[in-house]
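Coordinates from final-v7.tsv are shown below (TSV, C-alpha atoms and all ligand atoms).
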```tsv
chain	number	residue	atom	x	y	z
A	1	MET	CA	0.00	0.00	0.00
A	2	ARG	CA	1.30	3.43	-0.91
A	3	LEU	CA	-0.40	6.52	0.34
A	4	ILE	CA	0.07	10.22	0.90
A	5	LEU	CA	-1.03	12.09	4.01
A	6	LEU	CA	-1.76	15.70	3.20
A	7	GLY	CA	-2.57	18.46	5.68
A	8	PRO	CA	-1.37	21.66	7.32
A	9	PRO	CA	1.20	21.74	10.13
A	10	GLY	CA	-0.25	20.11	13.22
A	11	SER	CA	-3.10	18.40	11.37
A	12	GLY	CA	-1.94	14.98	12.60
A	13	LYS	CA	0.00	13.58	9.62
A	14	GLY	CA	2.84	12.27	11.78
A	15	THR	CA	0.48	10.92	14.44
A	16	GLN	CA	-1.63	9.04	11.90
A	17	ALA	CA	1.38	7.83	9.91
A	18	GLN	CA	2.80	6.17	13.02
A	19	ARG	CA	-0.49	4.44	13.75
A	20	LEU	CA	-0.76	3.23	10.15
A	21	VAL	CA	2.80	1.90	10.29
A	22	GLN	CA	1.77	-0.34	13.19
A	23	ARG	CA	-1.49	-1.35	11.61
A	24	TYR	CA	-0.29	-2.16	8.09
A	25	GLY	CA	3.41	-2.88	8.56
A	26	ILE	CA	4.55	-0.27	6.06
A	27	VAL	CA	7.12	2.50	6.50
A	28	GLN	CA	6.57	6.17	7.25
A	29	LEU	CA	8.57	8.46	4.98
A	30	SER	CA	8.52	11.89	6.58
A	31	THR	CA	10.52	14.47	4.66
A	32	GLY	CA	10.36	16.72	7.73
A	33	ASP	CA	12.00	14.03	9.92
A	34	MET	CA	14.60	13.26	7.24
A	35	LEU	CA	15.46	16.93	6.86
A	36	ARG	CA	15.68	17.41	10.64
A	37	ALA	CA	18.06	14.43	10.80
A	38	ALA	CA	20.14	16.00	8.02
A	39	VAL	CA	20.22	19.30	9.91
A	40	ALA	CA	21.34	17.54	13.10
A	41	ALA	CA	24.04	15.63	11.23
A	42	GLN	CA	25.12	18.81	9.44
A	43	THR	CA	25.14	17.13	6.05
A	44	PRO	CA	25.25	19.35	2.94
A	45	ILE	CA	21.46	18.94	2.59
A	46	GLY	CA	21.01	19.76	6.28
A	47	LEU	CA	23.09	22.91	5.98
A	48	LYS	CA	21.00	23.98	2.99
A	49	ALA	CA	17.70	23.24	4.73
A	50	LYS	CA	18.39	24.54	8.25
A	51	ASP	CA	17.56	28.23	7.85
A	52	ILE	CA	14.71	27.63	5.42
A	53	MET	CA	13.01	25.27	7.88
A	54	ALA	CA	13.60	27.53	10.86
A	55	ALA	CA	11.93	30.37	8.92
A	56	GLY	CA	8.89	28.27	7.97
A	57	GLY	CA	9.68	28.12	4.25
A	58	LEU	CA	9.91	25.14	1.94
A	59	VAL	CA	13.16	23.39	1.06
A	60	PRO	CA	13.79	23.41	-2.74
A	61	ASP	CA	11.87	20.79	-4.71
A	62	ASP	CA	14.94	19.10	-6.20
A	63	VAL	CA	16.36	18.45	-2.72
A	64	VAL	CA	13.27	16.71	-1.33
A	65	VAL	CA	12.53	14.85	-4.57
A	66	GLY	CA	16.11	13.51	-4.45
A	67	ILE	CA	15.62	12.35	-0.86
A	68	ILE	CA	12.38	10.55	-1.67
A	69	ALA	CA	13.73	8.99	-4.87
A	70	ASP	CA	16.49	7.35	-2.84
A	71	ARG	CA	14.28	6.41	0.07
A	72	ILE	CA	11.51	4.57	-1.77
A	73	GLU	CA	14.10	2.25	-3.26
A	74	GLN	CA	15.20	0.97	0.15
A	75	PRO	CA	14.24	-2.64	0.97
A	76	ASP	CA	12.03	-1.63	3.92
A	77	ALA	CA	9.77	0.32	1.53
A	78	VAL	CA	9.07	-2.67	-0.66
A	79	ASN	CA	5.73	-3.49	1.03
A	80	GLY	CA	4.58	0.08	0.80
A	81	PHE	CA	4.95	3.47	2.42
A	82	ILE	CA	3.17	6.46	3.84
A	83	LEU	CA	4.42	9.77	2.51
A	84	ASP	CA	4.11	12.24	5.37
A	85	GLY	CA	4.78	15.83	4.31
A	86	PHE	CA	5.65	14.97	0.71
A	87	PRO	CA	4.71	16.12	-1.89
A	88	ARG	CA	4.24	19.71	-0.81
A	89	THR	CA	4.15	21.50	-4.15
A	90	VAL	CA	2.68	20.69	-7.55
A	91	PRO	CA	6.16	20.19	-9.10
A	92	GLN	CA	6.92	17.70	-6.28
A	93	ALA	CA	3.68	15.85	-7.05
A	94	GLU	CA	4.54	15.73	-10.74
A	95	ALA	CA	8.03	14.48	-9.93
A	96	LEU	CA	6.52	11.79	-7.69
A	97	ASP	CA	4.18	10.68	-10.49
A	98	ALA	CA	7.15	10.35	-12.84
A	99	LEU	CA	9.17	8.52	-10.22
A	100	LEU	CA	6.45	6.00	-9.47
A	101	LYS	CA	5.81	5.45	-13.16
A	102	GLN	CA	9.47	4.85	-13.75
A	103	LYS	CA	9.56	2.32	-10.91
A	104	GLN	CA	6.26	0.78	-12.03
A	105	MET	CA	4.65	1.59	-8.72
A	106	THR	CA	1.15	2.93	-8.14
A	107	LEU	CA	-0.31	5.20	-5.51
A	108	ASP	CA	-3.32	3.83	-3.65
A	109	ALA	CA	-4.70	6.88	-1.90
A	110	VAL	CA	-4.15	10.51	-1.02
A	111	ILE	CA	-5.74	11.37	2.30
A	112	GLU	CA	-6.26	14.97	3.29
A	113	LEU	CA	-6.59	15.69	7.01
A	114	ARG	CA	-8.83	18.72	7.26
A	115	VAL	CA	-8.48	20.73	10.48
A	116	ASN	CA	-9.68	24.22	11.43
A	117	GLU	CA	-6.75	26.59	11.48
A	118	GLY	CA	-7.78	27.78	14.95
A	119	VAL	CA	-6.73	24.53	16.63
A	120	LEU	CA	-3.38	24.14	14.87
A	121	LEU	CA	-1.49	26.59	17.07
A	122	GLU	CA	-2.97	24.97	20.18
A	123	ARG	CA	-1.80	21.53	18.98
A	124	VAL	CA	1.68	22.69	18.02
A	125	GLU	CA	2.08	24.50	21.35
A	126	ARG	CA	0.96	21.39	23.22
A	127	ARG	CA	3.44	19.28	21.27
A	128	ALA	CA	6.22	21.74	22.12
A	129	ALA	CA	5.26	21.65	25.83
A	130	GLU	CA	5.24	17.83	25.83
A	131	THR	CA	8.63	17.71	24.11
A	132	ARG	CA	10.03	20.15	26.64
A	133	ALA	CA	8.60	18.11	29.51
A	134	ARG	CA	10.43	15.03	28.19
A	135	GLY	CA	13.65	17.01	28.32
A	136	GLU	CA	14.00	16.95	24.53
A	137	ALA	CA	14.81	19.84	22.22
A	138	VAL	CA	11.76	21.66	20.85
A	139	ARG	CA	11.55	22.11	17.08
A	140	PRO	CA	12.74	25.63	16.23
A	141	ASP	CA	9.77	26.02	13.88
A	142	ASP	CA	7.20	25.25	16.60
A	143	THR	CA	6.66	28.88	17.62
A	144	PRO	CA	3.55	30.98	16.91
A	145	GLU	CA	5.55	33.28	14.57
A	146	VAL	CA	7.02	30.48	12.47
A	147	LEU	CA	3.76	28.53	12.50
A	148	THR	CA	2.08	31.54	10.85
A	149	LYS	CA	4.68	31.34	8.07
A	150	ARG	CA	4.34	27.56	7.76
A	151	LEU	CA	0.60	27.99	7.39
A	152	ALA	CA	1.14	30.62	4.70
A	153	SER	CA	3.49	28.23	2.85
A	154	TYR	CA	0.84	25.52	3.15
A	155	ARG	CA	-1.91	27.74	1.76
A	156	ASP	CA	0.17	29.07	-1.13
A	157	GLN	CA	2.14	26.02	-2.19
A	158	THR	CA	0.61	22.87	-0.74
A	159	GLU	CA	-3.13	23.49	-0.83
A	160	PRO	CA	-3.13	23.41	-4.66
A	161	LEU	CA	-2.36	19.70	-4.28
A	162	ILE	CA	-5.90	19.19	-3.02
A	163	HIS	CA	-7.13	20.15	-6.48
A	164	TYR	CA	-4.29	18.27	-8.15
A	165	TYR	CA	-5.23	14.97	-6.52
A	166	SER	CA	-8.93	15.69	-6.72
A	167	ASP	CA	-8.49	16.17	-10.48
A	168	HIS	CA	-6.57	12.89	-10.55
A	169	ARG	CA	-9.48	11.35	-8.62
A	170	MET	CA	-7.22	10.19	-5.85
A	171	LEU	CA	-8.32	12.41	-2.99
A	172	ALA	CA	-10.25	11.40	0.12
A	173	THR	CA	-10.81	13.94	2.88
A	174	VAL	CA	-10.98	13.05	6.55
A	175	ASP	CA	-12.20	15.29	9.35
A	176	GLY	CA	-8.99	15.76	11.32
A	177	MET	CA	-10.92	17.45	14.13
A	178	MET	CA	-12.13	14.09	15.39
A	179	PRO	CA	-10.24	12.33	18.18
A	180	ILE	CA	-7.02	10.61	17.06
A	181	GLU	CA	-8.48	7.09	17.27
A	182	GLU	CA	-11.50	8.02	15.16
A	183	VAL	CA	-9.34	9.64	12.50
A	184	THR	CA	-7.36	6.38	12.26
A	185	GLU	CA	-10.59	4.40	12.02
A	186	GLU	CA	-11.85	6.63	9.23
A	187	ILE	CA	-8.59	6.28	7.28
A	188	GLY	CA	-8.85	2.51	7.75
A	189	ARG	CA	-12.35	2.57	6.26
A	190	ILE	CA	-11.14	4.55	3.27
A	191	LEU	CA	-8.24	2.17	2.69
A	192	ALA	CA	-10.58	-0.79	2.96
A	193	ALA	CA	-12.93	0.92	0.50
A	194	VAL	CA	-10.22	1.43	-2.08
A	195	GLY	CA	-9.80	-2.30	-1.90
A	196	ARG	CA	-6.10	-2.26	-1.21
A	197	ALA	CA	-6.21	-3.05	2.47
A	198	GLY	CA	-9.04	-5.57	2.20
A	199	GLY	CA	-6.76	-8.53	2.85
A	200	THR	CA	-5.46	-7.44	6.20
A	201	ARG	CA	-7.32	-8.24	9.36
A	202	SER	CA	-6.96	-4.73	10.69
A	203	ALA	CA	-8.41	-3.18	7.58
A	204	LYS	CA	-11.41	-5.51	7.76
A	205	LYS	CA	-11.89	-4.55	11.37
A	206	ALA	CA	-11.88	-0.93	10.31
A	207	THR	CA	-14.91	-1.34	8.04
A	208	SER	CA	-18.32	-0.70	9.54
A	209	ALA	CA	-19.87	-3.82	7.94
A	210	LYS	CA	-19.55	-6.05	10.99
A	211	ARG	CA	-20.46	-3.46	13.55
A	212	SER	CA	-23.54	-2.96	15.65
A	213	PRO	CA	-26.23	-0.77	14.08
A	214	LYS	CA	-25.46	1.92	16.65
A	215	ALA	CA	-21.78	1.96	15.72
A	216	ALA	CA	-22.60	1.87	12.03
A	217	LYS	CA	-24.92	4.84	12.43
A	218	LYS	CA	-22.23	6.72	14.37
A	219	THR	CA	-19.63	5.97	11.69
A	220	ALA	CA	-22.01	6.96	8.92
A	221	LYS	CA	-22.48	10.34	10.58
A	222	LYS	CA	-18.73	10.82	10.79
A	223	ALA	CA	-18.27	9.79	7.18
A	224	ALA	CA	-19.64	13.16	6.12
A	225	PRO	CA	-16.28	14.58	5.02
A	226	VAL	CA	-15.72	11.52	2.81
A	227	LYS	CA	-19.15	12.03	1.34
A	228	LYS	CA	-18.20	15.63	0.71
A	229	SER	CA	-14.99	14.66	-1.04
A	230	ALA	CA	-16.85	12.06	-3.08
A	231	LYS	CA	-19.33	14.77	-4.09
A	232	ALA	CA	-16.48	17.09	-5.03
A	233	ALA	CA	-14.84	14.35	-7.06
A	234	LYS	CA	-18.17	13.66	-8.78
A	235	LYS	CA	-18.40	17.31	-9.72
A	236	ALA	CA	-14.83	17.33	-10.95
A	237	SER	CA	-15.35	14.20	-13.01
A	238	LYS	CA	-18.55	15.35	-14.74
A	239	SER	CA	-16.66	15.77	-17.99
A	240	SER	CA	-15.35	12.24	-17.81
A	241	LYS	CA	-17.83	9.40	-17.49
A	242	LYS	CA	-15.24	7.09	-15.97
A	243	ALA	CA	-15.97	7.52	-12.29
A	244	PRO	CA	-12.88	6.79	-10.23
A	245	LYS	CA	-12.87	3.37	-8.63
A	246	MET	CA	-11.59	4.68	-5.35
A	247	VAL	CA	-14.06	7.53	-4.95
A	248	LYS	CA	-16.85	5.28	-6.18
A	249	SER	CA	-16.21	2.70	-3.49
A	250	ALA	CA	-15.70	5.35	-0.81
A	251	ARG	CA	-19.05	6.83	-1.83
A	252	LYS	CA	-20.64	3.36	-1.80
A	253	SER	CA	-19.39	2.57	1.67
A	254	ALA	CA	-20.50	5.97	2.95
A	255	LYS	CA	-23.97	5.36	1.47
A	256	LYS	CA	-24.14	1.75	2.66
A	257	ALA	CA	-23.45	2.49	6.30
A	258	PRO	CA	-26.77	4.20	7.12
A	259	LYS	CA	-28.66	1.62	5.02
A	260	LYS	CA	-26.99	-1.19	6.92
A	261	ALA	CA	-27.80	0.49	10.18
A	262	SER	CA	-31.49	0.86	9.36
A	263	LYS	CA	-31.70	-2.71	7.96
A	264	ALA	CA	-30.16	-4.05	11.13
A	265	ALA	CA	-32.48	-1.89	13.21
A	266	ALA	CA	-35.43	-3.26	11.22
A	267	ARG	CA	-34.21	-6.82	11.88
A	268	VAL	CA	-34.04	-6.10	15.57
A	269	SER	CA	-37.57	-4.66	15.75
A	270	LYS	CA	-38.92	-7.53	13.57
A	271	GLY	CA	-37.35	-9.98	16.02
A	272	THR	CA	-38.98	-8.21	18.94
A	273	ARG	CA	-42.37	-8.26	17.22
A	274	LYS	CA	-42.05	-12.02	16.55
A	275	THR	CA	-41.14	-12.75	20.16
A	276	SER	CA	-44.08	-10.83	21.58
A	277	ALA	CA	-46.53	-12.53	19.12
A	278	LYS	CA	-45.28	-15.95	20.29
A	279	ALA	CA	-45.74	-14.97	23.92
A	280	ALA	CA	-49.31	-13.81	23.22
A	281	LYS	CA	-50.12	-17.15	21.53
A	282	LYS	CA	-48.72	-19.07	24.51
A	283	ARG	CA	-50.78	-16.95	26.91
A	284	ALA	CA	-53.93	-17.59	24.84
A	285	LYS	CA	-53.33	-21.39	24.91
A	286	ARG	CA	-52.96	-21.27	28.68
B	301	LIG	P1	7.15	18.60	8.72
B	301	LIG	O1	7.97	17.98	9.75
B	301	LIG	O2	6.52	17.76	7.69
B	301	LIG	O3	6.09	19.49	9.50
B	301	LIG	P2	4.57	19.91	9.18
B	301	LIG	O4	4.03	19.50	7.87
B	301	LIG	O5	4.55	21.35	9.46
B	301	LIG	O6	3.76	19.06	10.17
B	301	LIG	P3	3.95	18.83	11.69
B	301	LIG	O7	5.00	17.81	11.91
B	301	LIG	O8	4.11	20.10	12.43
B	301	LIG	O9	2.50	18.33	12.07
B	301	LIG	P4	1.73	16.97	11.76
B	301	LIG	O10	0.68	17.22	10.74
B	301	LIG	O11	2.68	15.84	11.51
B	301	LIG	O12	1.00	16.81	13.15
B	301	LIG	P5	1.35	15.84	14.37
B	301	LIG	O13	0.89	14.46	14.08
B	301	LIG	O14	2.75	16.02	14.80
B	301	LIG	O15	8.00	19.72	7.97
B	301	LIG	C1	8.80	20.65	8.65
B	301	LIG	C2	9.52	21.53	7.65
B	301	LIG	O16	10.39	20.76	6.82
B	301	LIG	C3	8.65	22.30	6.67
B	301	LIG	O17	8.13	23.49	7.21
B	301	LIG	C4	9.63	22.54	5.53
B	301	LIG	O18	10.51	23.59	5.82
B	301	LIG	C5	10.43	21.25	5.50
B	301	LIG	N1	9.85	20.25	4.59
B	301	LIG	C6	9.33	19.05	4.95
B	301	LIG	N2	8.88	18.39	3.87
B	301	LIG	C7	9.10	19.19	2.81
B	301	LIG	C8	8.82	19.07	1.43
B	301	LIG	N3	8.21	17.99	0.93
B	301	LIG	N4	9.18	20.10	0.62
B	301	LIG	C9	9.80	21.21	1.10
B	301	LIG	N5	10.09	21.38	2.41
B	301	LIG	C10	9.73	20.38	3.26
B	301	LIG	O19	0.35	16.43	15.48
B	301	LIG	C11	0.59	17.65	16.09
B	301	LIG	C12	0.08	17.61	17.54
B	301	LIG	O20	-1.32	17.46	17.53
B	301	LIG	C13	0.63	16.43	18.35
B	301	LIG	O21	0.86	16.82	19.65
B	301	LIG	C14	-0.51	15.39	18.30
B	301	LIG	O22	-0.53	14.57	19.43
B	301	LIG	C15	-1.73	16.28	18.22
B	301	LIG	N6	-2.82	15.67	17.45
B	301	LIG	C16	-2.72	14.99	16.28
B	301	LIG	N7	-3.94	14.58	15.84
B	301	LIG	C17	-4.84	15.04	16.76
B	301	LIG	C18	-6.26	14.94	16.88
B	301	LIG	N8	-7.00	14.29	15.95
B	301	LIG	N9	-6.85	15.51	17.94
B	301	LIG	C19	-6.10	16.16	18.89
B	301	LIG	N10	-4.75	16.28	18.84
B	301	LIG	C20	-4.12	15.73	17.78
```
What's the structure tokens form of this structure?
Amino acid sequence: MRLILLGPPGSGKGTQAQRLVQRYGIVQLSTGDMLRAAVAAQTPIGLKAKDIMAAGGLVPDDVVVGIIADRIEQPDAVNGFILDGFPRTVPQAEALDALLKQKQMTLDAVIELRVNEGVLLERVERRAAETRARGEAVRPDDTPEVLTKRLASYRDQTEPLIHYYSDHRMLATVDGMMPIEEVTEEIGRILAAVGRAGGTRSAKKATSAKRSPKAAKKTAKKAAPVKKSAKAAKKASKSSKKAPKMVKSARKSAKKAPKKASKAAARVSKGTRKTSAKAAKKRAKR
């Protein structure tokens, strides 16, 4: 499985990537982590990136594309990977497309974590406080001033990727405002829906099919952002009649959940009716 996690600073890309690593046994490729390691080791790339990162800007495309090109060839990436923080610009996305094509690899999903800007500073400040409490060094870009610049970089250079992947019918949007566990569950449902994670036990668990009607109803409610993205993709694909497989199945699963819930609820009430009819018959006999 190969997927991209897209979202502004503090949206939960790293948090979710780590959970997906455990769940699916694939590697997390975080360009931010790799660049921070290069800065710490004072490599030529690190020296180039240090000031740019500290100022909240983006490291040049050729540098990060080079890093990723090398990294996806490593043996531990053979089963798949989660790209966390890459691509971040349209040229990076185009370079990734070319790279994957050249290596005869395909991308399974692009998942956008959508979070209100208002909570991002709160999250980043909390992360900085937790890091400090552990006695570790706080990221130099985790300050309110630099976060403002990182958000501006995201809006100007990374947000266009939402349209890029929506146009490529690859995008699924998840409400990143939900609790961490629920975001992971939602991503699991999307991955199961695209049919790539269907074989793994965890992915099956993540689908709502085997849940109680109550849980299915709850999940269906929370699937709203996926529905939204499916709607957006539908709009975008009006010109082409070939509806994307991924969005189609995501839409199907989002539609099925409430149906399943009401069917199950109907079964339950039918069962209750049957039981009370039997009891009445028994009473009449007596
Ligand atoms: P990078 O390291 O990628 O940073 P970022 O994108 O700004 O993202 P963050 O790591 O800050 O946040 P996150 O979304 O991973 O959130 P997290 O899970 O930690 O990049 C740093 C810099 O490197 C860039 O600014 C740039 O200079 C450079 N760079 C990197 N890649 C590049 C590229 N491709 N091209 C050019 N330059 C590049 O969560 C944050 C906090 O919120 C945590 O405390 C977490 O516990 C909490 N949290 C997470 N989810 C939830 C939730 N659902 N509810 C409540 N709290 C939550």
Problem - Local residues around (-5.8, 15.8, 9.0), at most 9 Å away, using only C-alpha atoms, as JSON, numbers by chain - result: {"A": [5, 6, 7, 8, 10, 11, 12, 13, 16, 111, 112, 113, 114, 115, 173, 174, 175, 176, 177, 183]}
Problem - 10 Å contact set for stretch 162-164 of chain A, only C-alpha atoms, chain neighbours under 2 positions out, as an MDAnalysis selection string - result: chainID A and resid 6:7 89:90 93:94 110:112 158:160 166:173 232:233 236
Practice task
Go through A:Ala38, A:Leu47, A:Leu29, A:Met53 one by one, measure the shortest atom-to-atom distance of each to ligand LIG 301 (chain B) using all atoms listed in the file, and give the residue with the smallest value.
Solution key: A:Met53
Practice task
State, in Å with one decimal place, the distance from atom CA of A:Arg127 to atom O22 of ligand LIG 301 (chain B).
Solution key: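 We find that atom CA of A:Arg127 and atom O22 of ligand LIG 301 (chain B) lie 6.4 Å from each other.
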Practice task
Go ahead and compute the interatomic distance for atom CA of A:Lys101 and atom CA of A:Pro75, in Å to one decimal.
Solution key: 18.3 Å
Exercise for the section: Step by step, measure atom-to-atom distances between ligand LIG 301 (chain B) and each residue using all atoms listed in the file, keep those at most 7 Å, then write them as a PyMOL selection string. Expected result: chain A and resi 7-16+30-33+35+52-53+56-61+64+84-88+123-124+126-127+150+176-180+183
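Separating atom CA of A:Gly66 from atom CA of A:Leu161 is a distance of 19.5 Å.
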Return the padded bounding box of stretch 71-86 of chain A as lines of an AutoDock Vina configuration file: axis-aligned, built from all atoms listed in the file, 6 Å added on each side, with centre and edge lengths in Å to one decimal.
```
center_x = 9.2
center_y = 6.2
center_z = 1.1
size_x = 24.0
size_y = 31.3
size_z = 20.6
```
Practice task
Go through A:Tyr165, A:Lys48, A:Thr131, A:Ala109 and flag the residue nearest A:Ile187, using only C-alpha atoms for the distances.
Solution key: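 With only C-alpha atoms as the atom set, the closest residue is A:Ala109.
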Exercise for the section: Mind checking which residues fall within 10 Å of A:Asn79, counting all atoms listed in the file, ignoring those fewer than 4 positions away in the same chain, and posting them as number ranges by chain? Expected result: A: 1-2, 24-27, 75
